[in-house]
$ cat target24.cif   # mmCIF, C-alpha atoms
data_start
loop_
_atom_site.label_atom_id
_atom_site.label_comp_id
_atom_site.auth_asym_id
_atom_site.auth_seq_id
_atom_site.Cartn_x
_atom_site.Cartn_y
_atom_site.Cartn_z
CA MET A 1 -9.78 20.06 12.99
CA GLU A 2 -7.84 16.83 12.64
CA LYS A 3 -4.79 15.90 14.67
CA VAL A 4 -3.36 13.53 12.05
CA VAL A 5 -4.24 13.22 8.39
CA ILE A 6 -2.61 10.37 6.50
CA ILE A 7 -2.39 10.71 2.74
CA GLY A 8 -2.40 7.24 1.21
CA SER A 9 -3.90 3.89 2.12
CA GLY A 10 -1.19 1.36 1.35
CA CYS A 11 0.99 -0.50 3.83
CA ALA A 12 2.63 2.69 5.08
CA GLY A 13 -0.63 4.61 5.39
CA TRP A 14 -2.62 2.00 7.26
CA THR A 15 0.28 1.13 9.56
CA ALA A 16 0.62 4.82 10.39
CA ALA A 17 -3.13 4.86 11.00
CA LEU A 18 -2.92 1.84 13.31
CA TYR A 19 -0.19 3.34 15.47
CA SER A 20 -1.68 6.82 15.64
CA ALA A 21 -5.14 5.39 16.34
CA ARG A 22 -3.75 3.35 19.24
CA ALA A 23 -2.26 6.62 20.51
CA ASN A 24 -5.84 7.99 20.58
CA LEU A 25 -5.14 10.52 17.82
CA LYS A 26 -8.16 9.45 15.72
CA PRO A 27 -6.34 9.69 12.38
CA LEU A 28 -8.12 10.37 9.12
CA VAL A 29 -6.84 8.32 6.17
CA LEU A 30 -7.33 9.82 2.72
CA THR A 31 -7.39 6.78 0.46
CA GLY A 32 -6.37 8.41 -2.80
CA PRO A 33 -7.73 7.15 -6.13
CA HIS A 34 -6.62 3.55 -5.46
CA PRO A 35 -7.57 2.38 -1.95
CA GLY A 36 -5.08 -0.12 -0.65
CA GLY A 37 -2.31 1.09 -2.92
CA LEU A 38 -0.39 -1.10 -5.36
CA LEU A 39 -0.51 -4.10 -3.07
CA ALA A 40 -4.29 -4.26 -3.37
CA THR A 41 -3.85 -5.08 -7.07
CA THR A 42 -1.52 -8.03 -6.38
CA THR A 43 -3.12 -11.45 -6.56
CA ILE A 44 -0.78 -13.22 -4.15
CA VAL A 45 1.67 -11.84 -1.57
CA GLU A 46 4.15 -14.43 -0.34
CA ASN A 47 6.83 -12.29 1.31
CA TYR A 48 4.86 -10.44 3.99
CA PRO A 49 5.68 -11.94 7.42
CA GLY A 50 2.98 -13.91 9.18
CA PHE A 51 1.33 -15.51 6.14
CA PRO A 52 3.19 -18.76 5.42
CA GLU A 53 0.71 -19.79 2.72
CA GLY A 54 0.67 -16.34 1.12
CA ILE A 55 -2.29 -13.99 1.02
CA ASP A 56 -4.24 -12.10 -1.62
CA GLY A 57 -3.03 -8.50 -1.78
CA TYR A 58 -6.52 -7.03 -1.58
CA GLU A 59 -7.35 -9.18 1.45
CA LEU A 60 -4.13 -8.16 3.17
CA MET A 61 -4.88 -4.47 2.73
CA THR A 62 -8.46 -5.02 3.92
CA ARG A 63 -7.04 -6.56 7.09
CA PHE A 64 -4.70 -3.59 7.53
CA GLN A 65 -7.68 -1.26 7.30
CA LYS A 66 -9.93 -3.22 9.66
CA GLN A 67 -7.19 -3.41 12.27
CA ALA A 68 -6.61 0.34 12.18
CA GLU A 69 -10.33 1.10 12.20
CA ARG A 70 -10.78 -1.12 15.26
CA PHE A 71 -8.80 1.48 17.24
CA GLY A 72 -10.56 4.52 15.80
CA ALA A 73 -8.92 5.29 12.46
CA ARG A 74 -11.27 6.68 9.84
CA ALA A 75 -11.14 6.42 6.04
CA LYS A 76 -12.26 9.01 3.53
CA PHE A 77 -12.26 8.19 -0.16
CA GLY A 78 -10.73 11.13 -1.94
CA GLN A 79 -7.64 12.64 -3.47
CA VAL A 80 -5.67 15.61 -2.22
CA GLU A 81 -5.71 18.33 -4.86
CA SER A 82 -3.59 20.95 -3.11
CA ALA A 83 -1.88 21.67 0.19
CA ASP A 84 -1.08 24.84 2.12
CA LEU A 85 1.78 24.09 4.50
CA SER A 86 2.70 27.71 5.17
CA GLN A 87 0.69 27.97 8.37
CA GLN A 88 -0.73 25.98 11.26
CA PRO A 89 -3.10 24.29 11.03
CA PHE A 90 -2.23 22.91 7.59
CA LEU A 91 -4.90 23.16 4.92
CA LEU A 92 -5.63 20.32 2.49
CA THR A 93 -8.09 20.51 -0.37
CA VAL A 94 -9.66 17.10 -0.94
CA ASP A 95 -12.06 16.79 -3.86
CA GLY A 96 -13.01 20.45 -3.47
CA GLU A 97 -13.40 20.36 0.31
CA THR A 98 -10.96 21.92 2.79
CA LEU A 99 -9.52 19.99 5.73
CA GLN A 100 -7.51 21.42 8.63
CA THR A 101 -4.94 19.30 10.41
CA GLU A 102 -2.14 19.71 12.92
CA THR A 103 0.05 17.04 11.32
CA ILE A 104 0.29 15.25 7.99
CA ILE A 105 1.80 11.88 7.17
CA ILE A 106 2.51 11.61 3.45
CA ALA A 107 2.24 7.93 2.50
CA SER A 108 1.14 8.40 -1.10
CA GLY A 109 3.41 5.72 -2.53
CA ALA A 110 4.80 5.44 -6.02
CA THR A 111 3.46 4.21 -9.33
CA HIS A 112 5.22 1.74 -11.60
CA ARG A 113 6.26 3.08 -14.97
CA HIS A 114 4.37 1.13 -17.62
CA LEU A 115 5.19 0.36 -21.21
CA GLY A 116 1.81 1.71 -22.21
CA LEU A 117 0.65 -1.33 -24.17
CA GLU A 118 -2.95 -2.51 -24.21
CA SER A 119 -1.78 -6.12 -23.97
CA GLU A 120 0.37 -5.20 -20.97
CA HIS A 121 -2.69 -3.86 -19.17
CA LYS A 122 -4.81 -6.91 -20.04
CA LEU A 123 -2.23 -9.34 -18.68
CA GLU A 124 -1.24 -7.45 -15.55
CA ASN A 125 -1.09 -9.94 -12.65
CA LYS A 126 -1.46 -12.73 -15.21
CA GLY A 127 2.22 -12.95 -16.00
CA VAL A 128 2.97 -9.23 -16.35
CA THR A 129 4.49 -7.90 -13.16
CA TYR A 130 6.59 -4.98 -11.93
CA CYS A 131 8.35 -6.64 -8.99
CA ALA A 132 10.49 -9.76 -9.27
CA THR A 133 11.05 -9.85 -5.51
CA CYS A 134 7.29 -9.87 -4.99
CA ASP A 135 6.30 -12.35 -7.70
CA GLY A 136 9.33 -14.13 -9.12
CA ALA A 137 9.01 -17.21 -6.92
CA LEU A 138 5.43 -17.93 -8.00
CA PRO A 139 4.93 -21.43 -9.48
CA ILE A 140 3.92 -20.07 -12.92
CA PHE A 141 7.43 -18.68 -13.42
CA ARG A 142 9.49 -21.62 -12.20
CA ASN A 143 11.67 -23.38 -14.79
CA GLN A 144 10.23 -21.17 -17.53
CA PRO A 145 11.86 -18.57 -19.81
CA LEU A 146 11.25 -15.05 -18.49
CA VAL A 147 11.68 -11.53 -19.87
CA VAL A 148 12.90 -8.46 -18.00
CA VAL A 149 12.59 -5.02 -19.61
CA GLY A 150 14.99 -2.29 -18.54
CA GLY A 151 18.65 -1.37 -18.45
CA GLY A 152 19.33 0.14 -15.03
CA ASP A 153 20.38 -1.32 -11.71
CA SER A 154 16.81 -2.31 -10.89
CA ALA A 155 16.43 -4.28 -14.11
CA CYS A 156 19.76 -6.02 -13.49
CA GLU A 157 18.75 -6.88 -9.93
CA GLU A 158 15.42 -8.25 -11.18
CA ALA A 159 17.14 -10.37 -13.82
CA MET A 160 19.69 -11.72 -11.33
CA TYR A 161 16.95 -12.55 -8.85
CA LEU A 162 14.90 -14.37 -11.50
CA THR A 163 17.79 -16.68 -12.41
CA ARG A 164 16.92 -18.55 -9.21
CA PHE A 165 13.58 -19.56 -10.68
CA GLY A 166 13.47 -19.20 -14.47
CA SER A 167 15.16 -21.50 -16.96
CA LEU A 168 16.43 -18.48 -18.93
CA VAL A 169 16.10 -14.73 -18.41
CA TYR A 170 16.01 -12.39 -21.41
CA LEU A 171 17.05 -8.84 -20.57
CA VAL A 172 15.50 -6.50 -23.15
CA HIS A 173 16.94 -3.00 -23.41
CA ARG A 174 16.36 -0.14 -25.85
CA ARG A 175 20.08 0.65 -26.10
CA ASP A 176 23.20 -1.34 -26.92
CA GLN A 177 24.59 -1.18 -23.40
CA LEU A 178 23.19 -1.16 -19.89
CA ARG A 179 22.71 2.02 -17.88
CA ALA A 180 23.38 0.13 -14.67
CA SER A 181 26.46 0.64 -12.53
CA ARG A 182 29.54 -1.04 -13.97
CA ILE A 183 29.78 -3.73 -11.33
CA MET A 184 26.09 -4.59 -11.61
CA ALA A 185 26.19 -4.62 -15.42
CA ASP A 186 29.28 -6.86 -15.51
CA ARG A 187 27.79 -9.27 -13.00
CA THR A 188 24.52 -9.46 -14.91
CA LEU A 189 26.03 -9.99 -18.35
CA ALA A 190 28.40 -12.65 -17.01
CA HIS A 191 25.54 -14.78 -15.70
CA ALA A 192 25.01 -17.91 -17.79
CA LYS A 193 21.20 -17.78 -17.50
CA ILE A 194 20.85 -14.13 -18.61
CA LYS A 195 20.66 -13.32 -22.32
CA PRO A 196 20.65 -9.62 -23.30
CA ILE A 197 18.52 -8.46 -26.22
CA TRP A 198 19.90 -5.09 -27.36
CA ASN A 199 18.30 -2.15 -29.18
CA SER A 200 14.86 -3.66 -28.76
CA ALA A 201 11.45 -2.79 -27.36
CA VAL A 202 8.41 -4.86 -26.46
CA THR A 203 5.56 -4.05 -28.84
CA GLU A 204 3.07 -6.68 -27.67
CA VAL A 205 2.62 -9.09 -24.78
CA LEU A 206 1.30 -12.48 -25.84
CA ASP A 207 -1.27 -13.92 -25.36
CA ALA A 208 -4.31 -12.03 -24.07
CA SER A 209 -6.62 -14.56 -25.75
CA GLN A 210 -5.25 -17.25 -23.42
CA ASP A 211 -5.45 -14.93 -20.40
CA LYS A 212 -1.79 -15.54 -19.59
CA VAL A 213 1.65 -14.51 -20.79
CA THR A 214 3.08 -16.89 -23.37
CA GLY A 215 5.69 -14.59 -24.88
CA VAL A 216 6.51 -11.10 -26.10
CA ARG A 217 6.84 -9.53 -29.53
CA LEU A 218 9.96 -7.40 -29.92
CA LYS A 219 10.99 -4.78 -32.44
CA ASN A 220 14.62 -3.99 -33.11
CA LEU A 221 14.82 -0.21 -32.98
CA LYS A 222 17.72 -0.08 -35.46
CA THR A 223 16.73 -2.64 -38.08
CA GLU A 224 12.94 -2.56 -37.40
CA THR A 225 12.88 -6.35 -37.61
CA GLU A 226 10.57 -8.24 -35.27
CA GLN A 227 10.90 -11.42 -33.26
CA VAL A 228 8.86 -13.34 -30.71
CA LEU A 229 10.34 -14.66 -27.49
CA ASP A 230 8.57 -17.45 -25.66
CA SER A 231 8.13 -16.48 -22.04
CA ALA A 232 5.91 -17.25 -19.06
CA GLY A 233 6.40 -13.83 -17.53
CA LEU A 234 7.22 -10.21 -18.32
CA PHE A 235 8.93 -8.24 -15.57
CA ILE A 236 8.95 -4.51 -16.27
CA ALA A 237 11.72 -2.63 -14.48
CA ILE A 238 11.82 0.81 -16.05
CA GLY A 239 11.39 2.82 -12.89
CA HIS A 240 8.76 4.33 -10.62
CA ILE A 241 7.00 7.67 -10.38
CA PRO A 242 6.54 8.85 -6.76
CA ASN A 243 3.07 10.24 -6.11
CA THR A 244 4.36 13.53 -4.73
CA GLN A 245 3.50 16.03 -7.45
CA ILE A 246 1.24 18.20 -5.30
CA PHE A 247 4.06 18.75 -2.81
CA ARG A 248 6.60 20.06 -5.31
CA GLY A 249 8.01 23.34 -4.07
CA LEU A 250 6.61 22.66 -0.59
CA ILE A 251 8.55 19.61 0.57
CA ASP A 252 12.22 18.88 -0.13
CA MET A 253 12.60 16.18 -2.80
CA ASN A 254 15.36 14.72 -4.90
CA GLU A 255 15.52 15.10 -8.66
CA MET A 256 13.29 12.04 -9.13
CA GLY A 257 10.53 13.45 -6.93
CA TYR A 258 11.13 11.26 -3.88
CA ILE A 259 10.63 13.12 -0.59
CA ILE A 260 13.79 13.47 1.50
CA PRO A 261 13.34 12.86 5.24
CA LYS A 262 15.47 15.13 7.43
CA ARG A 263 15.47 13.25 10.73
CA GLY A 264 13.64 10.00 11.14
CA THR A 265 10.50 10.50 9.07
CA ALA A 266 10.31 14.29 9.53
CA THR A 267 10.38 16.46 6.40
CA ASN A 268 11.69 20.01 6.11
CA VAL A 269 8.24 21.26 7.22
CA PRO A 270 7.67 20.77 10.97
CA GLY A 271 4.58 18.66 11.50
CA VAL A 272 4.78 16.93 8.10
CA PHE A 273 6.14 13.39 8.02
CA VAL A 274 6.71 10.87 5.25
CA ALA A 275 6.47 7.09 5.01
CA GLY A 276 6.65 4.37 2.40
CA ASP A 277 7.54 4.31 -1.26
CA CYS A 278 7.15 8.05 -1.88
CA ALA A 279 10.40 8.41 0.06
CA ASP A 280 12.01 5.06 -0.83
CA HIS A 281 13.47 4.36 -4.26
CA ILE A 282 15.69 1.53 -3.00
CA TYR A 283 13.67 -1.17 -1.22
CA ARG A 284 10.03 -0.57 -2.14
CA GLN A 285 8.69 -3.53 -0.18
CA ALA A 286 5.45 -3.87 1.76
CA VAL A 287 7.26 -4.65 4.99
CA THR A 288 9.64 -1.69 4.73
CA ALA A 289 6.74 0.63 3.93
CA ALA A 290 4.86 -0.65 6.99
CA GLY A 291 7.94 -0.05 9.13
CA THR A 292 8.22 3.58 8.09
CA GLY A 293 4.48 4.00 8.60
CA CYS A 294 4.97 2.94 12.21
CA ALA A 295 7.89 5.36 12.59
CA ALA A 296 5.98 8.28 11.05
CA ALA A 297 3.05 7.77 13.43
CA MET A 298 5.39 7.71 16.42
CA ASP A 299 7.17 10.85 15.18
CA ALA A 300 3.83 12.62 14.68
CA GLU A 301 2.68 11.60 18.17
CA ARG A 302 5.87 12.98 19.72
CA TYR A 303 5.56 16.19 17.71
CA LEU A 304 2.00 16.75 18.93
CA ALA A 305 2.96 15.97 22.53
CA ALA A 306 5.83 18.46 22.44
CA ARG A 307 3.65 21.09 20.77
CA ASN A 308 0.93 20.77 23.38
CA GLU A 309 3.22 20.92 26.38
#

$ encode --input "target24.cif" --output "structure tokens"
Amino acid sequence: MEKVVIIGSGCAGWTAALYSARANLKPLVLTGPHPGGLLATTTIVENYPGFPEGIDGYELMTRFQKQAERFGARAKFGQVESADLSQQPFLLTVDGETLQTETIIIASGATHRHLGLESEHKLENKGVTYCATCDGALPIFRNQPLVVVGGGDSACEEAMYLTRFGSLVYLVHRRDQLRASRIMADRTLAHAKIKPIWNSAVTEVLDASQDKVTGVRLKNLKTETEQVLDSAGLFIAIGHIPNTQIFRGLIDMNEMGYIIPKRGTATNVPGVFVAGDCADHIYRQAVTAAGTGCAAAMDAERYLAARNE
């Protein structure tokens, strides 16, 4: 039987593994279908402390893993299919096998909502990105026209952030007004470098043949006319999907599916803790995920100590 099982292998998961391994709890990390999480798919990370020249996302996550494994953390490639949290020890079914554990740290992250275009997929990390804070300062975007897709607060924040780097920021939205909060919408639309494109959707990202983003093809959803915008980057800000589906009905969540911590990182189920983007729909940064991973490991350690006294 395991003392600590960590579900997810991103920044939150491996930081939780590092701290619980150093506490001699020998944690087991279940990697999920994408070891390393979203950060492992990022070509360059420039905003994680300690790497002044930036670092490849895959290399950064490899370093996270090696550091945790140095102290006794173990990795198991697999995906949790179901969980029984009604009794101690907890039971997890992982690729058809059953695991028993005294504590669980859910660090399963969240997935970006995609437009669902083939060209989007081909140009991901080649000018198509889902995080302006992560990628907006990259040289390929500086002094170039950029496109943001979305109409909520996140899209407005992305567009405002990109005005620091791009020559012009197009904000493409399917409706004729933003869904963002009034103050955020007013601030965004008043900015001289932001140009809204209403009632429109991206139908193609150009140009996969050049292996980089050169523009986007838009369709007006009312008139069905098309236009092409020149752009060096496409920033998609249409939301995230927390990877928490298997815990629905077991763990308290909000209407979007994000897990709600009760005290610190503890959930409504004693012995189950949460860290990272599956509980964070506000910041969603590598460093904040790592911080909550640390906290979750410390909370799990204290829970086990109290339980064994």

$ residues_around --input "target24.cif" --residues "Met160 of chain A" --least-positions-apart "2" --cutoff "9 Å" --atoms "all atoms listed in the file" --output "ChimeraX atom specification"
/A:155-158,162-164,169,187-188,191,193-194

$ residues_around --input "target24.cif" --residues "Gly150 of chain A" --least-positions-apart "3" --cutoff "7 Å" --atoms "all atoms listed in the file" --output "ChimeraX atom specification"
/A:155,172-173,236-238

$ atom_distance --input "target24.cif" --atom1 "atom CA of Thr101 of chain A" --atom2 "atom CA of Arg248 of chain A"
19.5 Å

$ residues_around --input "target24.cif" --residues "segment 258-267 of chain A" --least-positions-apart "3" --cutoff "7 Å" --atoms "only C-alpha atoms" --output "mmCIF file with C-alpha atoms, in the frame of the given file"
data_model
loop_
_atom_site.group_PDB
_atom_site.id
_atom_site.type_symbol
_atom_site.label_atom_id
_atom_site.label_comp_id
_atom_site.auth_asym_id
_atom_site.auth_seq_id
_atom_site.Cartn_x
_atom_site.Cartn_y
_atom_site.Cartn_z
ATOM 1 C CA PRO A 242 6.540 8.850 -6.760
ATOM 2 C CA ILE A 251 8.550 19.610 0.570
ATOM 3 C CA ASP A 252 12.220 18.880 -0.130
ATOM 4 C CA MET A 253 12.600 16.180 -2.800
ATOM 5 C CA ASN A 254 15.360 14.720 -4.900
ATOM 6 C CA PRO A 270 7.670 20.770 10.970
ATOM 7 C CA VAL A 272 4.780 16.930 8.100
ATOM 8 C CA PHE A 273 6.140 13.390 8.020
ATOM 9 C CA VAL A 274 6.710 10.870 5.250
ATOM 10 C CA ALA A 275 6.470 7.090 5.010
ATOM 11 C CA CYS A 278 7.150 8.050 -1.880
ATOM 12 C CA ALA A 279 10.400 8.410 0.060
ATOM 13 C CA ASP A 280 12.010 5.060 -0.830
ATOM 14 C CA ALA A 295 7.890 5.360 12.590
ATOM 15 C CA ALA A 296 5.980 8.280 11.050
ATOM 16 C CA ASP A 299 7.170 10.850 15.180
#

$ closest_residue --input "target24.cif" --among "A:Leu206, A:Leu38, A:Ala83, A:Cys134" --to "Glu118 of chain A" --atoms "all atoms listed in the file"
A:Leu206

$ residues_near_point --input "target24.cif" --point "(-11.3, 2.5, 16.0)" --cutoff "10 Å" --atoms "all atoms listed in the file" --output "PyMOL selection string"
chain A and resi 17-18+21-22+24+26-27+66-74

$ residues_around --input "target24.cif" --residues "Gly36 of chain A" --least-positions-apart "3" --cutoff "7 Å" --atoms "all atoms listed in the file" --output "JSON list (two decimals) with C-alpha atoms, keeping the file's coordinate frame"
[["chain", "number", "residue", "atom", "x", "y", "z"],
["A", 9, "SER", "CA", -3.90, 3.89, 2.12],
["A", 10, "GLY", "CA", -1.19, 1.36, 1.35],
["A", 39, "LEU", "CA", -0.51, -4.10, -3.07],
["A", 40, "ALA", "CA", -4.29, -4.26, -3.37],
["A", 61, "MET", "CA", -4.88, -4.47, 2.73]]
